[in-house]
Amino acid sequence: MRIVVAYPPDPAQEFLDRLRAVGPDVEVVACTYLEEHGRRTARGTRDNDALAANPAPALTPEQIEAFGGADAVMTLDLPVDVRKVAPNLRWVQAIGAGVDHLRDTLQGESIVLTNAAGVAAVPIAEFVIGRILGVWKRFADLDEQQRNRTWAPAYGRELDGCTIGLVGLGAIGEAVGVRAKALGMRVIAVRRNAANPSAAADEVVGTDRLRDVLARSDAVVLSAPSTEETRDLFDRDTFAAMKPGAVFCNVARGALVDEGALVEALTSGHVGAAIIDVTKQEPLPADSPLWDAPNLFLSPHSAASPEKYVERLFDLFEDNLGRFVRGEAMRNIVDLDAGY
């Protein structure tokens, strides 16, 4: 049984040895396959023009040989013609929670896809809370005053007693909720299955009550999966439903937000501030209006932290590999029809 580690590049030998120890018939091959970031984004949004302008890299002889005998692969990207390249492939372990760029490639194939939901939940949740604190405590204003040698109080607001709305209650939403509650915030979560309670939320409601939650929330955190149903979920009407002056934060995917509508809502002041870690097109073009939108705090898809990510990822992969070898149900299996 051949297991190909196509990502991360140059994995530590100790991790590869751990995988080999899962079973006597397990062969582990490290062979990087990586597509350009812009192409990956275009695959997720099905932007055919961008894909045509940014073709996939030609496979090297080493990659052809590695994929050719692969039963399973851990990867960030996959060749589009994966069944031709890897005729024996039965399982793909994605290295991230979002798999929108892999769905079309695997749709209709008898290949199990598992994602890495939960691996980056802690650092992303810390990032979200840190950004909200930064906005409400006016850290940027205080820093600017220091640069200008201005002594004038710039008071912030308390998080305690405020309401945070979580749109999506997967691993990231749960981690945000736990930390928000620890700071005294009331947590309301929107999820498809509202009957599923959560210790991370004071209240869990269905998607039909999204706008009610938006109207009650001082901050809104979007961490839902990217699917056809959630594409442009936050449009002009959705932003209008938000509580005036509320903070909007997106750590999901750029496809879930109508960026023009967001800029309008920020310019009018209806949305008080936006924390954006993901955009529709990545890297973000230099002429995008997001760069200059008022009260928009932008980061280049970097809310996660790399220091423990690979370790947690290999822990998950090692566990799933053992389940795969033994024929047991694996963790984080993706429903390709639902998109997550």
# chains A, B, ... in the order shown; residues from 1 in each chain; ligands from 1

call {"tool": "closest_atom_pairs", "arguments": {"of": "range 296-334 of chain A", "to": "range 158-173 of chain A", "cutoff": "12 Å", "atoms": "only C-alpha atoms", "output": "JSON lines"}}
result
{"residue": "A:Ala303", "atom": "CA", "partner": "A:Ile172", "partner_atom": "CA", "distance": 11.2}
{"residue": "A:Ala304", "atom": "CA", "partner": "A:Ile172", "partner_atom": "CA", "distance": 10.6}
{"residue": "A:Asn332", "atom": "CA", "partner": "A:Ala171", "partner_atom": "CA", "distance": 11.0}

call {"tool": "write_last_selection", "arguments": {"atoms": "C-alpha atoms", "output": "tab-separated table (two decimals), in the first residue's frame"}}
result
chain	number	residue	atom	x	y	z
A	303	ALA	CA	-5.06	33.63	10.42
A	304	ALA	CA	-3.64	30.17	11.10
A	332	ASN	CA	-13.51	14.23	8.79

call {"tool": "residues_around", "arguments": {"residues": "Ala121 in chain A", "least_positions_apart": "2", "cutoff": "10 Å", "atoms": "only C-alpha atoms", "output": "mmCIF file with all heavy atoms, in the first residue's frame"}}
result
data_model
loop_
_atom_site.group_PDB
_atom_site.id
_atom_site.type_symbol
_atom_site.label_atom_id
_atom_site.label_comp_id
_atom_site.auth_asym_id
_atom_site.auth_seq_id
_atom_site.Cartn_x
_atom_site.Cartn_y
_atom_site.Cartn_z
ATOM 1 N N ALA A 97 -9.104 22.653 5.997
ATOM 2 C CA ALA A 97 -10.528 22.403 6.221
ATOM 3 C C ALA A 97 -11.328 22.653 4.956
ATOM 4 O O ALA A 97 -12.275 21.934 4.648
ATOM 5 C CB ALA A 97 -11.035 23.282 7.358
ATOM 6 N N ALA A 116 -8.999 18.511 6.978
ATOM 7 C CA ALA A 116 -8.253 18.732 8.218
ATOM 8 C C ALA A 116 -8.984 19.686 9.142
ATOM 9 O O ALA A 116 -8.360 20.491 9.841
ATOM 10 C CB ALA A 116 -6.851 19.251 7.898
ATOM 11 N N ALA A 117 -10.308 19.593 9.141
ATOM 12 C CA ALA A 117 -11.102 20.448 10.024
ATOM 13 C C ALA A 117 -10.631 20.287 11.464
ATOM 14 O O ALA A 117 -10.485 19.177 11.956
ATOM 15 C CB ALA A 117 -12.581 20.095 9.901
ATOM 16 N N GLY A 118 -10.407 21.385 12.130
ATOM 17 C CA GLY A 118 -9.979 21.372 13.525
ATOM 18 C C GLY A 118 -8.500 21.584 13.723
ATOM 19 O O GLY A 118 -8.076 22.025 14.787
ATOM 20 N N VAL A 119 -7.702 21.297 12.702
ATOM 21 C CA VAL A 119 -6.249 21.404 12.852
ATOM 22 C C VAL A 119 -5.821 22.845 13.135
ATOM 23 O O VAL A 119 -4.918 23.093 13.937
ATOM 24 C CB VAL A 119 -5.538 20.849 11.596
ATOM 25 C CG1 VAL A 119 -4.057 21.191 11.613
ATOM 26 C CG2 VAL A 119 -5.720 19.334 11.518
ATOM 27 N N PRO A 123 -5.472 28.514 16.505
ATOM 28 C CA PRO A 123 -4.856 29.784 16.107
ATOM 29 C C PRO A 123 -5.800 30.716 15.370
ATOM 30 O O PRO A 123 -5.710 31.943 15.520
ATOM 31 C CB PRO A 123 -3.686 29.355 15.214
ATOM 32 C CG PRO A 123 -4.014 27.972 14.779
ATOM 33 C CD PRO A 123 -4.785 27.359 15.903
ATOM 34 N N ILE A 124 -6.725 30.177 14.570
ATOM 35 C CA ILE A 124 -7.667 31.047 13.863
ATOM 36 C C ILE A 124 -8.609 31.716 14.857
ATOM 37 O O ILE A 124 -8.905 32.912 14.743
ATOM 38 C CB ILE A 124 -8.444 30.261 12.792
ATOM 39 C CG1 ILE A 124 -7.495 29.837 11.667
ATOM 40 C CG2 ILE A 124 -9.585 31.106 12.230
ATOM 41 C CD1 ILE A 124 -8.140 28.977 10.593
ATOM 42 N N ALA A 125 -9.071 30.961 15.850
ATOM 43 C CA ALA A 125 -9.939 31.547 16.869
ATOM 44 C C ALA A 125 -9.207 32.640 17.654
ATOM 45 O O ALA A 125 -9.781 33.699 17.963
ATOM 46 C CB ALA A 125 -10.451 30.466 17.812
ATOM 47 N N GLU A 126 -7.947 32.395 17.973
ATOM 48 C CA GLU A 126 -7.151 33.418 18.669
ATOM 49 C C GLU A 126 -7.018 34.668 17.805
ATOM 50 O O GLU A 126 -7.095 35.805 18.303
ATOM 51 C CB GLU A 126 -5.772 32.857 19.005
ATOM 52 C CG GLU A 126 -5.791 31.764 20.060
ATOM 53 C CD GLU A 126 -4.429 31.129 20.278
ATOM 54 O OE1 GLU A 126 -3.513 31.355 19.450
ATOM 55 O OE2 GLU A 126 -4.260 30.398 21.271
ATOM 56 N N PHE A 127 -6.816 34.456 16.506
ATOM 57 C CA PHE A 127 -6.704 35.575 15.568
ATOM 58 C C PHE A 127 -7.995 36.393 15.560
ATOM 59 O O PHE A 127 -7.964 37.629 15.605
ATOM 60 C CB PHE A 127 -6.407 35.023 14.171
ATOM 61 C CG PHE A 127 -6.302 36.054 13.094
ATOM 62 C CD1 PHE A 127 -5.077 36.610 12.766
ATOM 63 C CD2 PHE A 127 -7.419 36.466 12.386
ATOM 64 C CE1 PHE A 127 -4.973 37.554 11.746
ATOM 65 C CE2 PHE A 127 -7.329 37.411 11.379
ATOM 66 C CZ PHE A 127 -6.103 37.955 11.057
ATOM 67 N N GLY A 170 -18.520 24.907 12.981
ATOM 68 C CA GLY A 170 -17.594 23.796 12.911
ATOM 69 C C GLY A 170 -16.516 23.988 13.959
ATOM 70 O O GLY A 170 -16.716 24.672 14.971
ATOM 71 N N ALA A 171 -15.338 23.411 13.711
ATOM 72 C CA ALA A 171 -14.256 23.486 14.694
ATOM 73 C C ALA A 171 -13.831 24.924 14.961
ATOM 74 O O ALA A 171 -13.571 25.304 16.121
ATOM 75 C CB ALA A 171 -13.067 22.661 14.204
ATOM 76 N N ILE A 172 -13.757 25.746 13.917
ATOM 77 C CA ILE A 172 -13.345 27.137 14.110
ATOM 78 C C ILE A 172 -14.398 27.905 14.892
ATOM 79 O O ILE A 172 -14.092 28.632 15.849
ATOM 80 C CB ILE A 172 -13.059 27.817 12.757
ATOM 81 C CG1 ILE A 172 -11.840 27.181 12.092
ATOM 82 C CG2 ILE A 172 -12.856 29.318 12.944
ATOM 83 C CD1 ILE A 172 -11.600 27.646 10.670
ATOM 84 N N GLY A 173 -15.667 27.770 14.487
ATOM 85 C CA GLY A 173 -16.741 28.457 15.199
ATOM 86 C C GLY A 173 -16.791 28.055 16.661
ATOM 87 O O GLY A 173 -16.973 28.900 17.545
ATOM 88 N N GLU A 174 -16.634 26.763 16.930
ATOM 89 C CA GLU A 174 -16.627 26.289 18.322
ATOM 90 C C GLU A 174 -15.490 26.937 19.108
ATOM 91 O O GLU A 174 -15.674 27.380 20.248
ATOM 92 C CB GLU A 174 -16.460 24.763 18.336
ATOM 93 C CG GLU A 174 -17.655 23.989 17.808
ATOM 94 C CD GLU A 174 -18.549 23.488 18.915
ATOM 95 O OE1 GLU A 174 -18.230 23.741 20.088
ATOM 96 O OE2 GLU A 174 -19.572 22.850 18.587
ATOM 97 N N ALA A 175 -14.287 26.984 18.507
ATOM 98 C CA ALA A 175 -13.129 27.551 19.201
ATOM 99 C C ALA A 175 -13.313 29.049 19.461
ATOM 100 O O ALA A 175 -12.922 29.559 20.513
ATOM 101 C CB ALA A 175 -11.860 27.297 18.397
ATOM 102 N N VAL A 176 -13.914 29.759 18.503
ATOM 103 C CA VAL A 176 -14.198 31.182 18.710
ATOM 104 C C VAL A 176 -15.205 31.348 19.837
ATOM 105 O O VAL A 176 -15.055 32.204 20.724
ATOM 106 C CB VAL A 176 -14.723 31.841 17.424
ATOM 107 C CG1 VAL A 176 -15.194 33.275 17.704
ATOM 108 C CG2 VAL A 176 -13.649 31.860 16.347
ATOM 109 N N ALA A 303 -4.545 33.685 9.053
ATOM 110 C CA ALA A 303 -5.058 33.631 10.424
ATOM 111 C C ALA A 303 -4.529 32.418 11.181
ATOM 112 O O ALA A 303 -4.432 32.441 12.404
ATOM 113 C CB ALA A 303 -6.584 33.614 10.418
ATOM 114 N N ALA A 304 -4.203 31.358 10.460
ATOM 115 C CA ALA A 304 -3.643 30.168 11.097
ATOM 116 C C ALA A 304 -2.184 30.413 11.463
ATOM 117 O O ALA A 304 -1.558 31.358 10.987
ATOM 118 C CB ALA A 304 -3.765 28.960 10.180
ATOM 119 N N SER A 305 -1.645 29.562 12.328
ATOM 120 C CA SER A 305 -0.236 29.650 12.712
ATOM 121 C C SER A 305 0.463 28.350 12.328
ATOM 122 O O SER A 305 -0.045 27.265 12.625
ATOM 123 C CB SER A 305 -0.096 29.881 14.216
ATOM 124 O OG SER A 305 -0.729 31.077 14.601
ATOM 125 N N TYR A 309 0.857 23.458 13.285
ATOM 126 C CA TYR A 309 -0.076 22.970 12.267
ATOM 127 C C TYR A 309 0.355 21.616 11.707
ATOM 128 O O TYR A 309 -0.442 20.675 11.632
ATOM 129 C CB TYR A 309 -0.200 23.991 11.131
ATOM 130 C CG TYR A 309 -1.346 23.708 10.191
ATOM 131 C CD1 TYR A 309 -2.576 24.328 10.377
ATOM 132 C CD2 TYR A 309 -1.221 22.817 9.130
ATOM 133 C CE1 TYR A 309 -3.640 24.074 9.536
ATOM 134 C CE2 TYR A 309 -2.281 22.550 8.288
ATOM 135 C CZ TYR A 309 -3.488 23.191 8.493
ATOM 136 O OH TYR A 309 -4.548 22.919 7.661
#

call {"tool": "select_by_dssp", "arguments": {"residues": "range 104-182 of chain A", "states": "helix (DSSP H, G or I)", "output": "PyMOL selection string"}}
result
chain A and resi 104-106+121-136+139-147+171-182

call {"tool": "residues_around", "arguments": {"residues": "Gln145 in chain A", "least_positions_apart": "6", "cutoff": "9 Å", "atoms": "only C-alpha atoms", "output": "list of chain:residue names"}}
result
A:Trp151, A:Ala152, A:Ala154

call {"tool": "write_last_selection", "arguments": {"atoms": "all heavy atoms", "output": "mmCIF file, in the first residue's frame"}}
result
data_model
loop_
_atom_site.group_PDB
_atom_site.id
_atom_site.type_symbol
_atom_site.label_atom_id
_atom_site.label_comp_id
_atom_site.auth_asym_id
_atom_site.auth_seq_id
_atom_site.Cartn_x
_atom_site.Cartn_y
_atom_site.Cartn_z
ATOM 1 N N TRP A 151 -1.028 63.110 22.630
ATOM 2 C CA TRP A 151 -1.528 62.598 23.911
ATOM 3 C C TRP A 151 -2.999 62.976 24.017
ATOM 4 O O TRP A 151 -3.366 64.086 24.365
ATOM 5 C CB TRP A 151 -0.737 63.190 25.075
ATOM 6 C CG TRP A 151 -1.116 62.573 26.401
ATOM 7 C CD1 TRP A 151 -2.117 62.987 27.243
ATOM 8 C CD2 TRP A 151 -0.522 61.427 27.009
ATOM 9 N NE1 TRP A 151 -2.183 62.176 28.339
ATOM 10 C CE2 TRP A 151 -1.214 61.197 28.237
ATOM 11 C CE3 TRP A 151 0.528 60.578 26.663
ATOM 12 C CZ2 TRP A 151 -0.889 60.164 29.102
ATOM 13 C CZ3 TRP A 151 0.845 59.549 27.523
ATOM 14 C CH2 TRP A 151 0.152 59.344 28.728
ATOM 15 N N ALA A 152 -3.857 62.031 23.665
ATOM 16 C CA ALA A 152 -5.306 62.261 23.719
ATOM 17 C C ALA A 152 -5.975 60.921 23.944
ATOM 18 O O ALA A 152 -5.745 59.986 23.177
ATOM 19 C CB ALA A 152 -5.804 62.889 22.419
ATOM 20 N N ALA A 154 -8.042 57.714 23.731
ATOM 21 C CA ALA A 154 -8.815 57.063 22.669
ATOM 22 C C ALA A 154 -9.426 55.821 23.303
ATOM 23 O O ALA A 154 -8.870 54.733 23.232
ATOM 24 C CB ALA A 154 -7.917 56.707 21.492
#

call {"tool": "residues_around", "arguments": {"residues": "range 76-81 of chain A", "least_positions_apart": "3", "cutoff": "10 Å", "atoms": "only C-alpha atoms", "output": "MDAnalysis selection string"}}
result
chainID A and resid 5:8 32:37 40 43 56:59 67 73 84:86 92:96 99 101:102 104:106

call {"tool": "select_by_dssp", "arguments": {"residues": "range 199-257 of chain A", "states": "strand (DSSP E)", "output": "ChimeraX atom specification"}}
result
/A:203-205,219-222,246-250

call {"tool": "residues_around", "arguments": {"residues": "Asp292 in chain A", "least_positions_apart": "5", "cutoff": "12 Å", "atoms": "only C-alpha atoms", "output": "PyMOL selection string"}}
result
chain A and resi 263-264+266-267+286-287+297-298
